[in-house]
$ cat upload-v5.cif   # mmCIF, C-alpha atoms
data_entry
loop_
_atom_site.label_atom_id
_atom_site.label_comp_id
_atom_site.auth_asym_id
_atom_site.auth_seq_id
_atom_site.Cartn_x
_atom_site.Cartn_y
_atom_site.Cartn_z
CA MET F 19 113.78 122.02 106.75
CA ASN F 20 110.97 120.65 104.60
CA TYR F 21 110.87 121.39 100.87
CA SER F 22 107.88 120.84 98.60
CA ILE F 23 106.89 121.55 95.01
CA GLU F 24 104.07 119.04 95.28
CA GLY F 25 101.25 119.41 92.77
CA LEU F 26 102.74 122.29 90.79
CA GLY F 27 102.62 120.36 87.51
CA LEU F 28 106.17 121.33 86.56
CA LYS F 29 107.89 119.71 83.59
CA LEU F 30 111.53 119.56 84.58
CA ASN F 31 113.55 118.04 81.75
CA THR F 32 117.07 119.36 82.15
CA ARG F 33 119.53 120.61 84.72
CA GLU F 34 118.66 124.14 83.68
CA ASP F 35 114.96 123.50 84.27
CA ILE F 36 115.44 122.34 87.86
CA GLU F 37 118.27 124.71 88.78
CA PRO F 38 116.00 127.48 90.21
CA TYR F 39 114.48 124.97 92.62
CA LEU F 40 117.82 123.49 93.62
CA ARG F 41 119.03 126.97 94.53
CA GLN F 42 116.24 127.09 97.08
CA ILE F 43 117.50 123.88 98.70
CA GLU F 44 121.29 124.03 98.52
CA PRO F 45 122.00 126.83 101.04
CA ASN F 46 120.35 124.75 103.78
CA ILE F 47 120.99 121.28 102.41
CA SER F 48 122.43 120.01 105.70
CA HIS F 49 119.11 120.84 107.37
CA LEU F 50 116.85 119.27 104.71
CA GLU F 51 114.63 116.64 106.33
CA GLU F 52 111.78 116.21 103.84
CA ILE F 53 111.45 116.63 100.10
CA HIS F 54 108.11 116.29 98.28
CA LEU F 55 108.12 116.22 94.47
CA CYS F 56 104.76 114.54 93.83
CA GLY F 57 102.73 115.82 90.90
CA ASN F 58 105.58 117.03 88.70
CA THR F 59 107.39 115.24 85.87
CA ILE F 60 111.16 114.88 86.04
CA GLY F 61 113.49 113.96 83.19
CA VAL F 62 116.94 112.40 83.22
CA GLY F 63 118.97 115.60 83.34
CA ALA F 64 116.83 117.12 86.09
CA ALA F 65 116.90 113.90 88.13
CA GLN F 66 120.69 113.67 87.92
CA ALA F 67 121.11 117.27 89.03
CA LEU F 68 118.70 116.75 91.92
CA ALA F 69 120.50 113.54 92.93
CA GLU F 70 123.82 115.41 93.16
CA VAL F 71 122.24 117.82 95.62
CA LEU F 72 120.51 115.08 97.62
CA GLU F 73 123.82 113.29 98.08
CA LYS F 74 124.72 116.13 100.46
CA ALA F 75 121.42 115.88 102.40
CA SER F 76 122.79 113.83 105.27
CA GLY F 77 119.78 114.45 107.52
CA ILE F 78 117.02 113.63 105.07
CA ARG F 79 114.14 111.68 106.60
CA VAL F 80 111.38 111.66 103.94
CA ALA F 81 111.86 111.27 100.19
CA ASP F 82 108.53 111.61 98.40
CA PHE F 83 109.09 110.68 94.76
CA ALA F 84 105.50 109.65 94.02
CA ASP F 85 104.04 110.53 90.60
CA ILE F 86 107.15 112.12 89.09
CA PHE F 87 107.36 110.36 85.71
CA THR F 88 104.05 111.16 84.04
CA GLY F 89 104.55 111.43 80.28
CA ARG F 90 108.11 110.08 80.42
CA LEU F 91 109.39 107.48 77.96
CA ILE F 92 110.09 104.05 79.40
CA SER F 93 113.69 104.54 78.21
CA GLU F 94 114.08 107.64 80.41
CA ILE F 95 112.76 106.29 83.67
CA PRO F 96 115.50 103.77 84.66
CA THR F 97 118.31 106.33 84.43
CA ALA F 98 116.37 108.98 86.34
CA LEU F 99 115.19 106.50 88.95
CA SER F 100 118.70 105.12 89.42
CA ALA F 101 120.11 108.59 90.08
CA LEU F 102 117.47 109.44 92.68
CA CYS F 103 117.53 106.10 94.52
CA ASP F 104 121.32 105.84 94.55
CA SER F 105 121.51 109.24 96.24
CA LEU F 106 119.63 107.77 99.21
CA ILE F 107 121.68 104.61 99.79
CA ASP F 108 123.90 106.03 102.54
CA LYS F 109 121.27 108.12 104.33
CA GLU F 110 121.32 107.06 107.98
CA HIS F 111 118.30 109.10 109.12
CA LEU F 112 115.97 108.12 106.29
CA VAL F 113 112.52 107.07 107.52
CA GLU F 114 110.17 107.07 104.53
CA VAL F 115 110.46 106.56 100.78
CA ASN F 116 107.45 106.93 98.49
CA LEU F 117 107.65 105.80 94.85
CA SER F 118 103.91 105.28 94.33
CA ASP F 119 101.96 106.18 91.18
CA ASN F 120 104.96 105.88 88.88
CA ALA F 121 104.05 103.56 86.03
CA PHE F 122 107.50 102.15 85.46
CA GLY F 123 106.35 98.51 85.43
CA GLY F 124 108.48 95.45 85.89
CA ARG F 125 110.98 96.60 83.27
CA SER F 126 112.23 99.51 85.37
CA VAL F 127 112.53 98.08 88.87
CA ASP F 128 116.21 97.16 88.77
CA PRO F 129 117.40 100.73 89.51
CA ILE F 130 115.60 100.56 92.86
CA VAL F 131 117.40 97.39 93.97
CA PRO F 132 120.73 98.85 95.20
CA PHE F 133 118.91 101.27 97.51
CA LEU F 134 116.34 98.72 98.71
CA SER F 135 118.89 96.04 99.44
CA LYS F 136 121.56 98.24 101.05
CA ASN F 137 119.99 101.09 103.03
CA PRO F 138 119.42 99.84 106.60
CA SER F 139 117.53 102.86 107.89
CA PHE F 140 114.21 103.39 106.11
CA GLN F 141 111.15 102.27 108.05
CA ILE F 142 108.31 103.06 105.61
CA PHE F 143 108.27 101.96 101.98
CA ARG F 144 105.41 102.94 99.66
CA LEU F 145 105.24 101.42 96.19
CA ASN F 146 101.58 101.61 95.22
CA ASN F 147 100.13 101.52 91.68
CA ASN F 148 103.31 100.94 89.69
CA GLY F 149 102.31 98.07 87.39
CA LEU F 150 105.06 95.80 88.71
CA GLY F 151 103.58 92.45 87.68
CA PRO F 152 104.82 89.16 89.16
CA GLU F 153 108.37 89.52 87.85
CA GLY F 154 108.85 93.10 89.01
CA GLY F 155 107.23 92.26 92.33
CA THR F 156 109.65 89.40 92.84
CA VAL F 157 112.64 91.66 92.19
CA ILE F 158 111.41 94.18 94.77
CA ALA F 159 110.59 91.51 97.35
CA ASN F 160 113.98 89.84 96.96
CA ALA F 161 115.70 93.20 97.49
CA LEU F 162 113.70 93.71 100.69
CA ARG F 163 114.68 90.21 101.83
CA ASP F 164 118.36 91.05 101.27
CA ASN F 165 117.82 94.29 103.17
CA ALA F 166 116.76 92.29 106.23
CA ALA F 167 120.11 90.52 106.25
CA VAL F 168 121.95 93.86 106.10
CA ARG F 169 120.00 95.14 109.09
CA LYS F 170 120.55 92.02 111.16
CA ALA F 171 124.30 92.27 110.59
CA MET F 172 124.35 95.70 112.25
CA PRO F 173 124.83 96.34 115.99
CA THR F 174 121.51 96.27 117.81
CA ASP F 175 121.79 99.85 119.01
CA LYS F 176 122.17 101.11 115.43
CA ARG F 177 119.56 98.89 113.87
CA SER F 178 116.34 100.33 112.41
CA SER F 179 113.22 98.31 111.68
CA LEU F 180 111.10 98.13 108.56
CA ARG F 181 107.62 98.88 109.91
CA ILE F 182 105.30 99.78 107.02
CA VAL F 183 105.03 98.35 103.51
CA VAL F 184 102.42 99.56 101.01
CA CYS F 185 102.36 97.71 97.70
CA GLY F 186 98.85 97.66 96.27
CA ARG F 187 97.46 97.73 92.73
CA ASN F 188 100.58 96.11 91.29
CA ARG F 189 99.37 92.79 89.82
CA LEU F 190 101.77 90.91 92.09
CA GLU F 191 99.78 87.66 91.75
CA ASP F 192 100.89 84.31 93.13
CA GLY F 193 104.08 84.55 91.07
CA SER F 194 105.62 87.03 93.50
CA ALA F 195 103.64 86.26 96.65
CA TYR F 196 106.17 83.64 97.77
CA ALA F 197 109.03 86.15 97.51
CA TRP F 198 107.02 88.71 99.48
CA ALA F 199 106.30 86.10 102.14
CA GLU F 200 110.02 85.41 102.49
CA ALA F 201 110.79 89.13 102.74
CA PHE F 202 108.15 89.67 105.44
CA ALA F 203 109.40 86.70 107.42
CA ALA F 204 113.01 87.84 107.10
CA HIS F 205 112.23 91.23 108.63
CA GLY F 206 109.75 90.14 111.28
CA THR F 207 109.20 93.76 112.38
CA LEU F 208 106.25 94.89 110.28
CA VAL F 209 103.47 96.89 111.91
CA GLU F 210 101.43 97.76 108.82
CA VAL F 211 101.05 95.91 105.51
CA ARG F 212 98.77 97.08 102.69
CA MET F 213 98.62 94.93 99.55
CA PRO F 214 95.14 95.41 98.04
CA GLN F 215 94.13 94.61 94.45
CA ASN F 216 97.07 92.43 93.47
CA GLY F 217 95.41 89.37 91.95
CA ILE F 218 96.89 87.11 94.64
CA ARG F 219 94.98 83.85 94.85
CA MET F 220 94.76 80.91 97.23
CA ALA F 221 98.32 79.53 97.09
CA GLY F 222 99.83 82.99 97.26
CA SER F 223 97.65 84.02 100.17
CA VAL F 224 98.69 80.91 102.10
CA ALA F 225 102.34 81.88 101.63
CA LEU F 226 101.64 85.46 102.73
CA ALA F 227 99.86 84.27 105.86
CA GLU F 228 102.84 82.14 106.84
CA GLY F 229 105.33 84.96 106.18
CA LEU F 230 103.30 87.61 107.98
CA ALA F 231 102.82 85.32 110.97
CA LYS F 232 106.49 85.96 111.78
CA ASN F 233 105.65 89.63 112.43
CA ALA F 234 104.26 89.60 115.95
CA ALA F 235 103.84 93.39 116.13
CA LEU F 236 101.48 93.61 113.13
CA GLU F 237 98.66 96.11 113.78
CA LEU F 238 97.11 96.69 110.35
CA LEU F 239 96.61 94.25 107.47
CA ASP F 240 94.88 95.19 104.22
CA LEU F 241 94.49 92.49 101.57
CA GLN F 242 91.30 93.77 99.97
CA ASP F 243 90.42 92.36 96.56
CA ASN F 244 92.70 89.34 96.57
CA THR F 245 91.30 85.80 96.62
CA LEU F 246 91.71 83.85 99.85
CA SER F 247 88.97 81.26 99.43
CA GLU F 248 89.11 78.18 101.69
CA GLU F 249 92.88 77.66 101.66
CA GLY F 250 93.74 81.28 102.36
CA ASP F 251 90.99 81.58 104.94
CA GLN F 252 92.38 78.60 106.83
CA ALA F 253 95.95 79.94 106.67
CA PHE F 254 95.01 83.39 107.96
CA ALA F 255 92.81 81.95 110.68
CA ALA F 256 95.90 80.10 111.91
CA ALA F 257 98.00 83.29 111.66
CA LEU F 258 95.62 85.67 113.49
CA PRO F 259 96.74 84.71 117.03
CA SER F 260 100.29 85.71 116.02
CA TRP F 261 99.18 89.38 116.01
CA PRO F 262 97.88 90.25 119.50
CA GLY F 263 98.03 93.99 118.73
CA LEU F 264 96.09 93.84 115.45
CA HIS F 265 93.56 96.69 115.31
CA THR F 266 92.56 96.82 111.62
CA LEU F 267 91.81 93.90 109.31
CA ASN F 268 90.62 94.35 105.72
CA PHE F 269 89.49 91.17 103.99
CA SER F 270 86.81 92.81 101.83
CA ASP F 271 86.34 91.28 98.35
CA CYS F 272 88.50 88.29 99.32
CA VAL F 273 85.98 85.45 98.71
CA LEU F 274 86.17 84.35 102.34
CA SER F 275 83.14 82.12 101.86
CA ASP F 276 82.30 80.19 98.69
CA GLU F 277 78.81 78.99 99.50
CA GLY F 278 77.75 80.66 102.71
CA GLU F 279 79.87 78.65 105.14
CA ILE F 280 81.32 80.48 108.14
CA PRO F 281 84.93 81.46 107.36
CA GLN F 282 87.53 80.17 109.79
CA VAL F 283 88.85 83.73 110.10
CA ILE F 284 85.54 84.82 111.65
CA GLY F 285 85.61 81.78 113.91
CA ALA F 286 89.08 82.70 115.15
CA LEU F 287 88.11 86.32 115.77
CA ALA F 288 84.97 85.26 117.63
CA LYS F 289 87.10 83.11 119.92
CA GLY F 290 89.34 86.02 120.87
CA SER F 291 92.35 85.74 118.57
CA ASN F 292 92.70 89.53 118.37
CA PRO F 293 91.14 91.27 121.39
CA LEU F 294 92.35 94.75 120.36
CA LEU F 295 90.67 94.66 116.94
CA ARG F 296 88.81 97.92 116.22
CA THR F 297 88.05 97.85 112.48
CA LEU F 298 86.87 94.77 110.57
CA GLN F 299 86.21 95.06 106.83
CA LEU F 300 84.31 92.15 105.28
CA GLN F 301 82.50 93.60 102.28
CA ASN F 302 81.41 91.33 99.45
CA ASP F 303 82.65 88.06 100.95
CA ASN F 304 79.56 85.87 100.35
CA LEU F 305 78.74 85.91 104.07
CA GLU F 306 75.32 84.80 105.28
CA ASP F 307 73.30 84.90 108.50
CA ALA F 308 75.41 82.21 110.19
CA ALA F 309 78.53 84.34 109.97
CA VAL F 310 76.57 87.32 111.30
CA ALA F 311 75.34 85.25 114.24
CA MET F 312 78.90 84.28 115.15
CA LEU F 313 80.06 87.90 115.09
CA ALA F 314 77.01 89.02 117.06
CA GLY F 315 77.62 86.34 119.68
CA ALA F 316 81.13 87.63 120.32
CA ILE F 317 80.58 91.38 119.96
CA GLY F 318 80.16 91.81 123.72
CA THR F 319 83.06 89.57 124.72
CA HIS F 320 86.00 88.78 122.44
CA LEU F 321 85.16 91.61 120.03
CA LYS F 322 84.36 94.27 122.60
CA ALA F 323 87.00 96.68 121.19
CA VAL F 324 85.47 96.68 117.71
CA THR F 325 83.91 100.01 116.70
CA ARG F 326 83.58 99.57 112.94
CA ILE F 327 82.43 96.67 110.77
CA GLU F 328 82.00 97.04 107.01
CA PHE F 329 79.61 94.35 105.80
CA GLN F 330 78.15 95.68 102.54
CA GLU F 331 77.26 93.43 99.61
CA ASN F 332 77.02 90.17 101.52
CA ASP F 333 74.14 87.68 101.55
CA ALA F 334 72.76 88.23 105.04
CA ASP F 335 69.22 89.42 105.78
CA GLU F 336 69.11 93.04 106.97
CA ASP F 337 66.28 92.15 109.38
CA ASP F 338 68.29 89.34 110.94
CA VAL F 339 68.53 89.64 114.72
CA GLY F 340 72.32 89.38 114.51
CA ILE F 341 72.53 92.43 112.27
CA GLN F 342 70.47 94.42 114.73
CA THR F 343 72.64 93.23 117.63
CA LEU F 344 75.79 94.35 115.84
CA LYS F 345 74.30 97.73 114.90
CA GLU F 346 73.12 98.42 118.43
CA ASN F 347 76.35 97.33 120.12
CA LEU F 348 78.58 99.35 117.82
CA ALA F 349 76.33 102.41 118.02
CA ALA F 350 76.48 102.25 121.84
CA ARG F 351 80.28 102.42 121.56
CA GLY F 352 80.14 105.40 119.23
CA GLY F 353 80.97 103.11 116.32
CA ILE F 354 79.12 101.93 113.23
CA PHE F 355 78.01 98.77 111.41
CA LEU F 356 77.77 99.37 107.66
CA PHE F 357 75.37 96.93 106.02
CA SER F 358 74.41 98.71 102.81
CA ASP F 359 75.43 101.53 100.51
CA ASP F 360 72.70 103.61 102.19
CA ASP F 361 74.52 103.22 105.52
CA GLU F 362 77.75 104.35 103.91
CA GLU F 363 76.10 107.37 102.26
CA GLU F 364 74.49 108.32 105.58
CA GLU F 365 77.88 108.15 107.29
CA GLU F 366 79.43 110.36 104.59
CA GLU F 367 76.62 112.90 104.98
CA GLU F 368 77.12 113.00 108.76
CA GLU F 369 80.86 113.53 108.28
CA GLU F 370 80.19 116.38 105.84
CA GLU F 371 77.75 117.99 108.27
CA LEU F 372 80.30 117.70 111.07
CA GLN F 373 83.00 119.22 108.87
CA ASP F 374 80.67 122.08 107.88
CA ALA F 375 79.84 122.70 111.54
CA GLU F 376 83.53 122.79 112.46
CA GLU F 377 84.23 125.22 109.62
CA GLY F 378 81.31 127.36 110.84
CA ASP F 379 82.78 127.39 114.34
CA ASP F 380 86.13 128.48 112.91
CA THR F 381 84.43 131.31 111.00
CA GLU F 382 82.61 132.49 114.13
CA GLU F 383 85.86 132.46 116.10
CA PHE F 384 87.54 134.46 113.33
CA VAL F 385 84.76 137.06 113.24
CA GLU F 386 84.79 137.28 117.03
CA ALA F 387 88.55 137.77 117.00
CA LEU F 388 88.17 140.56 114.44
CA GLY F 389 85.60 142.21 116.69
CA GLU F 390 87.93 142.01 119.64
CA LYS F 391 90.70 143.52 117.51
CA ASP F 392 88.43 146.38 116.45
CA ASP F 393 87.54 147.07 120.10
CA ALA F 394 91.20 147.07 121.03
CA ASP F 395 92.00 149.46 118.14
CA LYS F 396 89.25 151.85 119.32
CA GLU F 397 90.61 151.81 122.86
CA ALA F 398 94.10 152.54 121.55
CA ASP F 399 92.80 155.48 119.50
CA GLN F 400 90.98 156.92 122.52
CA LEU F 401 94.13 156.64 124.62
CA ALA F 402 96.14 158.41 121.91
CA ASP F 403 93.64 161.27 121.86
CA LEU F 404 93.96 161.73 125.63
CA LEU F 405 97.74 161.72 125.44
CA ASP F 406 97.63 164.42 122.77
CA LYS F 407 95.82 166.64 125.24
CA VAL F 408 98.42 166.15 127.96
CA SER F 409 101.17 168.77 128.22
CA LEU F 410 104.27 168.33 130.28
CA ALA F 411 105.36 171.48 132.08
CA PRO F 412 108.98 171.94 133.14
CA SER F 413 109.54 171.52 136.82
#
$ encode --input "upload-v5.cif" --output "structure tokens"
Amino acid sequence: MNYSIEGLGLKLNTREDIEPYLRQIEPNISHLEEIHLCGNTIGVGAAQALAEVLEKASGIRVADFADIFTGRLISEIPTALSALCDSLIDKEHLVEVNLSDNAFGGRSVDPIVPFLSKNPSFQIFRLNNNGLGPEGGTVIANALRDNAAVRKAMPTDKRSSLRIVVCGRNRLEDGSAYAWAEAFAAHGTLVEVRMPQNGIRMAGSVALAEGLAKNAALELLDLQDNTLSEEGDQAFAAALPSWPGLHTLNFSDCVLSDEGEIPQVIGALAKGSNPLLRTLQLQNDNLEDAAVAMLAGAIGTHLKAVTRIEFQENDADEDDVGIQTLKENLAARGGIFLFSDDDEEEEEEEEEELQDAEEGDDTEEFVEALGEKDDADKEADQLADLLDKVSLAPS
């Protein structure tokens, strides 16, 4: 059973406030698999009452607690958060936990620690836009590191793997990057990592590259709007071959090049470090024609799986032969090379037109189905009229 009050804008302060909704859950609590509370605001009393019910939800798989503290006092949040997270500690079937868009900051992260460090089952952890700061980020990362030890102590046949971590827009900075690197290395099972807009700079990015390199199954990496510069570029270029299945790489707004030099990351990709790469995002990285030429030279060989390159706001010439080569090759694959905002707007317009066409097709199918129903109703009426005229004589 899935239960959702997402987006209803409810203000649930007390046990009495949330009781009508709990009555909808409790009769089938053993079958509850997903709960979505996003877009409501939950106070201490309501959170404690909900936690008591969730303690009985042995089969829960998804706990979506994103955006549930809007308008709450900072003094309320730790108690409410502790109740909710503690109710999940022993859940063996838990797959995903989402605590994004809750502005609890670094002062309120401690209540998450017991769950994060002890539950060995969850595979997806989303903590985006929470204002953690370096100190709060370090607390969370250390809890995830401890969690890895708990998992490794379990029998292999009962062990679950942490696969996805989303922790963007949290001002993690270099101060917590080292702890995150240790946590990533300790798990070694990550498939997707998204950490955009965290103010991580060169030293921190070097540490992250080294930690993430221990995760051989990594498929998606998003570090947009952090600063790699030369040191980070070199570290990630060395790490790229560690991820043979990587299909999406987002280094937009990462200062890959300071003065137009070719980043080592592009050199590694052009030499075949990641043959399954499909999406490459390199917006606003100070890249010039030389970097374009290197990508264009490899687009038919080591980058032949690529179908999307985002290259807006760089310093290359739009008329450069390399740009044209990339556009033509990606278009032939059904992909796209985005060079300017105009390209992006054109893509959005095409997507809108496609969506409108699909909606039009759905409408036509609906109207056609109504017509078929009307025809069927008419045939049924005609048959009824004939039957009315039939009389059955006794034999």
$ residues_around --input "upload-v5.cif" --residues "F:Leu145" --least-positions-apart "3" --cutoff "7 Å" --atoms "only C-alpha atoms" --output "list in words"
Asn116, Leu117, Ser118, Asn148, Val184 and Cys185 of chain F
$ resolve_selection --input "upload-v5.cif" --expression "the PyMOL selection byres ((chain F and resi 121-132) around 10)" --output "PDB file with C-alpha atoms, keeping the file's coordinate frame"
ATOM      1  CA  ASP F  85     104.040 110.530  90.600  1.00  0.00           C
ATOM      2  CA  ILE F  86     107.150 112.120  89.090  1.00  0.00           C
ATOM      3  CA  PHE F  87     107.360 110.360  85.710  1.00  0.00           C
ATOM      4  CA  THR F  88     104.050 111.160  84.040  1.00  0.00           C
ATOM      5  CA  GLY F  89     104.550 111.430  80.280  1.00  0.00           C
ATOM      6  CA  ARG F  90     108.110 110.080  80.420  1.00  0.00           C
ATOM      7  CA  LEU F  91     109.390 107.480  77.960  1.00  0.00           C
ATOM      8  CA  ILE F  92     110.090 104.050  79.400  1.00  0.00           C
ATOM      9  CA  SER F  93     113.690 104.540  78.210  1.00  0.00           C
ATOM     10  CA  GLU F  94     114.080 107.640  80.410  1.00  0.00           C
ATOM     11  CA  ILE F  95     112.760 106.290  83.670  1.00  0.00           C
ATOM     12  CA  PRO F  96     115.500 103.770  84.660  1.00  0.00           C
ATOM     13  CA  THR F  97     118.310 106.330  84.430  1.00  0.00           C
ATOM     14  CA  ALA F  98     116.370 108.980  86.340  1.00  0.00           C
ATOM     15  CA  LEU F  99     115.190 106.500  88.950  1.00  0.00           C
ATOM     16  CA  SER F 100     118.700 105.120  89.420  1.00  0.00           C
ATOM     17  CA  ALA F 101     120.110 108.590  90.080  1.00  0.00           C
ATOM     18  CA  LEU F 102     117.470 109.440  92.680  1.00  0.00           C
ATOM     19  CA  CYS F 103     117.530 106.100  94.520  1.00  0.00           C
ATOM     20  CA  ASP F 104     121.320 105.840  94.550  1.00  0.00           C
ATOM     21  CA  LEU F 106     119.630 107.770  99.210  1.00  0.00           C
ATOM     22  CA  ILE F 107     121.680 104.610  99.790  1.00  0.00           C
ATOM     23  CA  LEU F 117     107.650 105.800  94.850  1.00  0.00           C
ATOM     24  CA  SER F 118     103.910 105.280  94.330  1.00  0.00           C
ATOM     25  CA  ASP F 119     101.960 106.180  91.180  1.00  0.00           C
ATOM     26  CA  ASN F 120     104.960 105.880  88.880  1.00  0.00           C
ATOM     27  CA  PHE F 133     118.910 101.270  97.510  1.00  0.00           C
ATOM     28  CA  LEU F 134     116.340  98.720  98.710  1.00  0.00           C
ATOM     29  CA  SER F 135     118.890  96.040  99.440  1.00  0.00           C
ATOM     30  CA  LYS F 136     121.560  98.240 101.050  1.00  0.00           C
ATOM     31  CA  ASN F 137     119.990 101.090 103.030  1.00  0.00           C
ATOM     32  CA  ASN F 146     101.580 101.610  95.220  1.00  0.00           C
ATOM     33  CA  ASN F 147     100.130 101.520  91.680  1.00  0.00           C
ATOM     34  CA  ASN F 148     103.310 100.940  89.690  1.00  0.00           C
ATOM     35  CA  GLY F 149     102.310  98.070  87.390  1.00  0.00           C
ATOM     36  CA  LEU F 150     105.060  95.800  88.710  1.00  0.00           C
ATOM     37  CA  GLY F 151     103.580  92.450  87.680  1.00  0.00           C
ATOM     38  CA  PRO F 152     104.820  89.160  89.160  1.00  0.00           C
ATOM     39  CA  GLU F 153     108.370  89.520  87.850  1.00  0.00           C
ATOM     40  CA  GLY F 154     108.850  93.100  89.010  1.00  0.00           C
ATOM     41  CA  GLY F 155     107.230  92.260  92.330  1.00  0.00           C
ATOM     42  CA  THR F 156     109.650  89.400  92.840  1.00  0.00           C
ATOM     43  CA  VAL F 157     112.640  91.660  92.190  1.00  0.00           C
ATOM     44  CA  ILE F 158     111.410  94.180  94.770  1.00  0.00           C
ATOM     45  CA  ALA F 159     110.590  91.510  97.350  1.00  0.00           C
ATOM     46  CA  ASN F 160     113.980  89.840  96.960  1.00  0.00           C
ATOM     47  CA  ALA F 161     115.700  93.200  97.490  1.00  0.00           C
ATOM     48  CA  LEU F 162     113.700  93.710 100.690  1.00  0.00           C
ATOM     49  CA  ASP F 164     118.360  91.050 101.270  1.00  0.00           C
ATOM     50  CA  ASN F 165     117.820  94.290 103.170  1.00  0.00           C
ATOM     51  CA  ASN F 188     100.580  96.110  91.290  1.00  0.00           C
TER      52      ASN F 188
END
$ resolve_selection --input "upload-v5.cif" --expression "the PyMOL selection byres ((chain F and resi 34) around 12)" --output "list in words"
Lys29, Leu30, Asn31, Thr32, Arg33, Asp35, Ile36, Glu37, Pro38, Tyr39, Leu40, Arg41, Gly61, Val62, Gly63, Ala64, Ala65, Gln66, Ala67 and Leu68 of chain F
$ atom_distance --input "upload-v5.cif" --atom1 "atom CA of F:Gly77" --atom2 "atom CA of F:Ala166"
22.4 Å
$ resolve_selection --input "upload-v5.cif" --expression "the PyMOL selection byres ((chain F and resi 222) around 12)" --output "number ranges by chain"
F: 152, 190-200, 216-221, 223-229, 241, 244-247, 249-251, 253-254
$ atom_distance --input "upload-v5.cif" --atom1 "atom CA of F:Ala69" --atom2 "atom CA of F:Val115"
14.5 Å
$ residues_around --input "upload-v5.cif" --residues "F:Leu274" --least-positions-apart "2" --cutoff "6 Å" --atoms "only C-alpha atoms" --output "PyMOL selection string"
chain F and resi 247+272+281+303
$ residues_near_point --input "upload-v5.cif" --point "(95.9, 79.9, 112.2)" --cutoff "10 Å" --atoms "all atoms listed in the file" --output "list of chain:residue names"
F:Ala227, F:Glu228, F:Ala231, F:Asp251, F:Gln252, F:Ala253, F:Phe254, F:Ala255, F:Ala256, F:Ala257, F:Leu258, F:Pro259, F:Ser260, F:Gln282, F:Val283, F:Ala286, F:Ser291
$ write_last_selection --input "upload-v5.cif" --atoms "C-alpha atoms" --output "mmCIF file, in the frame of the given file"
data_model
loop_
_atom_site.group_PDB
_atom_site.id
_atom_site.type_symbol
_atom_site.label_atom_id
_atom_site.label_comp_id
_atom_site.auth_asym_id
_atom_site.auth_seq_id
_atom_site.Cartn_x
_atom_site.Cartn_y
_atom_site.Cartn_z
ATOM 1 C CA ALA F 227 99.860 84.270 105.860
ATOM 2 C CA GLU F 228 102.840 82.140 106.840
ATOM 3 C CA ALA F 231 102.820 85.320 110.970
ATOM 4 C CA ASP F 251 90.990 81.580 104.940
ATOM 5 C CA GLN F 252 92.380 78.600 106.830
ATOM 6 C CA ALA F 253 95.950 79.940 106.670
ATOM 7 C CA PHE F 254 95.010 83.390 107.960
ATOM 8 C CA ALA F 255 92.810 81.950 110.680
ATOM 9 C CA ALA F 256 95.900 80.100 111.910
ATOM 10 C CA ALA F 257 98.000 83.290 111.660
ATOM 11 C CA LEU F 258 95.620 85.670 113.490
ATOM 12 C CA PRO F 259 96.740 84.710 117.030
ATOM 13 C CA SER F 260 100.290 85.710 116.020
ATOM 14 C CA GLN F 282 87.530 80.170 109.790
ATOM 15 C CA VAL F 283 88.850 83.730 110.100
ATOM 16 C CA ALA F 286 89.080 82.700 115.150
ATOM 17 C CA SER F 291 92.350 85.740 118.570
#
$ axis_aligned_box --input "upload-v5.cif" --around "stretch 27-36 of chain F" --padding-each-side "5 Å" --output "JSON"
{"center_x": 111.1, "center_y": 121.1, "center_z": 84.8, "size_x": 26.9, "size_y": 16.1, "size_z": 16.1}
$ residues_around --input "upload-v5.cif" --residues "stretch 322-324 of chain F" --least-positions-apart "6" --cutoff "8 Å" --atoms "all atoms listed in the file" --output "MDAnalysis selection string"
chainID F and resid 293:298 316 348 353
$ write_last_selection --input "upload-v5.cif" --atoms "C-alpha atoms" --output "PDB file, keeping the file's coordinate frame"
ATOM      1  CA  PRO F 293      91.140  91.270 121.390  1.00  0.00           C
ATOM      2  CA  LEU F 294      92.350  94.750 120.360  1.00  0.00           C
ATOM      3  CA  LEU F 295      90.670  94.660 116.940  1.00  0.00           C
ATOM      4  CA  ARG F 296      88.810  97.920 116.220  1.00  0.00           C
ATOM      5  CA  THR F 297      88.050  97.850 112.480  1.00  0.00           C
ATOM      6  CA  LEU F 298      86.870  94.770 110.570  1.00  0.00           C
ATOM      7  CA  ALA F 316      81.130  87.630 120.320  1.00  0.00           C
ATOM      8  CA  LEU F 348      78.580  99.350 117.820  1.00  0.00           C
ATOM      9  CA  GLY F 353      80.970 103.110 116.320  1.00  0.00           C
TER      10      GLY F 353
END
$ closest_residue --input "upload-v5.cif" --among "F:Val209, F:Cys56, F:Ala201, F:Leu287" --to "F:Gly25" --atoms "all atoms listed in the file"
F:Cys56
$ residues_near_point --input "upload-v5.cif" --point "(107.7, 121.8, 99.3)" --cutoff "10 Å" --atoms "only C-alpha atoms" --output "NGL selection string"
:F and (19-26 or 52-56)
$ atom_distance --input "upload-v5.cif" --atom1 "atom CA of F:Asp271" --atom2 "atom CA of F:Leu300"
7.3 Å
$ closest_residue --input "upload-v5.cif" --among "F:Gly318, F:Gly290, F:Gly378, F:Gly278" --to "F:Asn332" --atoms "only C-alpha atoms"
F:Gly278
$ residues_around --input "upload-v5.cif" --residues "F:His205" --least-positions-apart "5" --cutoff "8 Å" --atoms "only C-alpha atoms" --output "list in words"
Arg163, Ala166, Ser179, Leu180 and Asn233 of chain F
$ closest_residue --input "upload-v5.cif" --among "F:Gly206, F:Gly57, F:Pro214, F:Pro173" --to "F:Arg189" --atoms "all atoms listed in the file"
F:Pro214
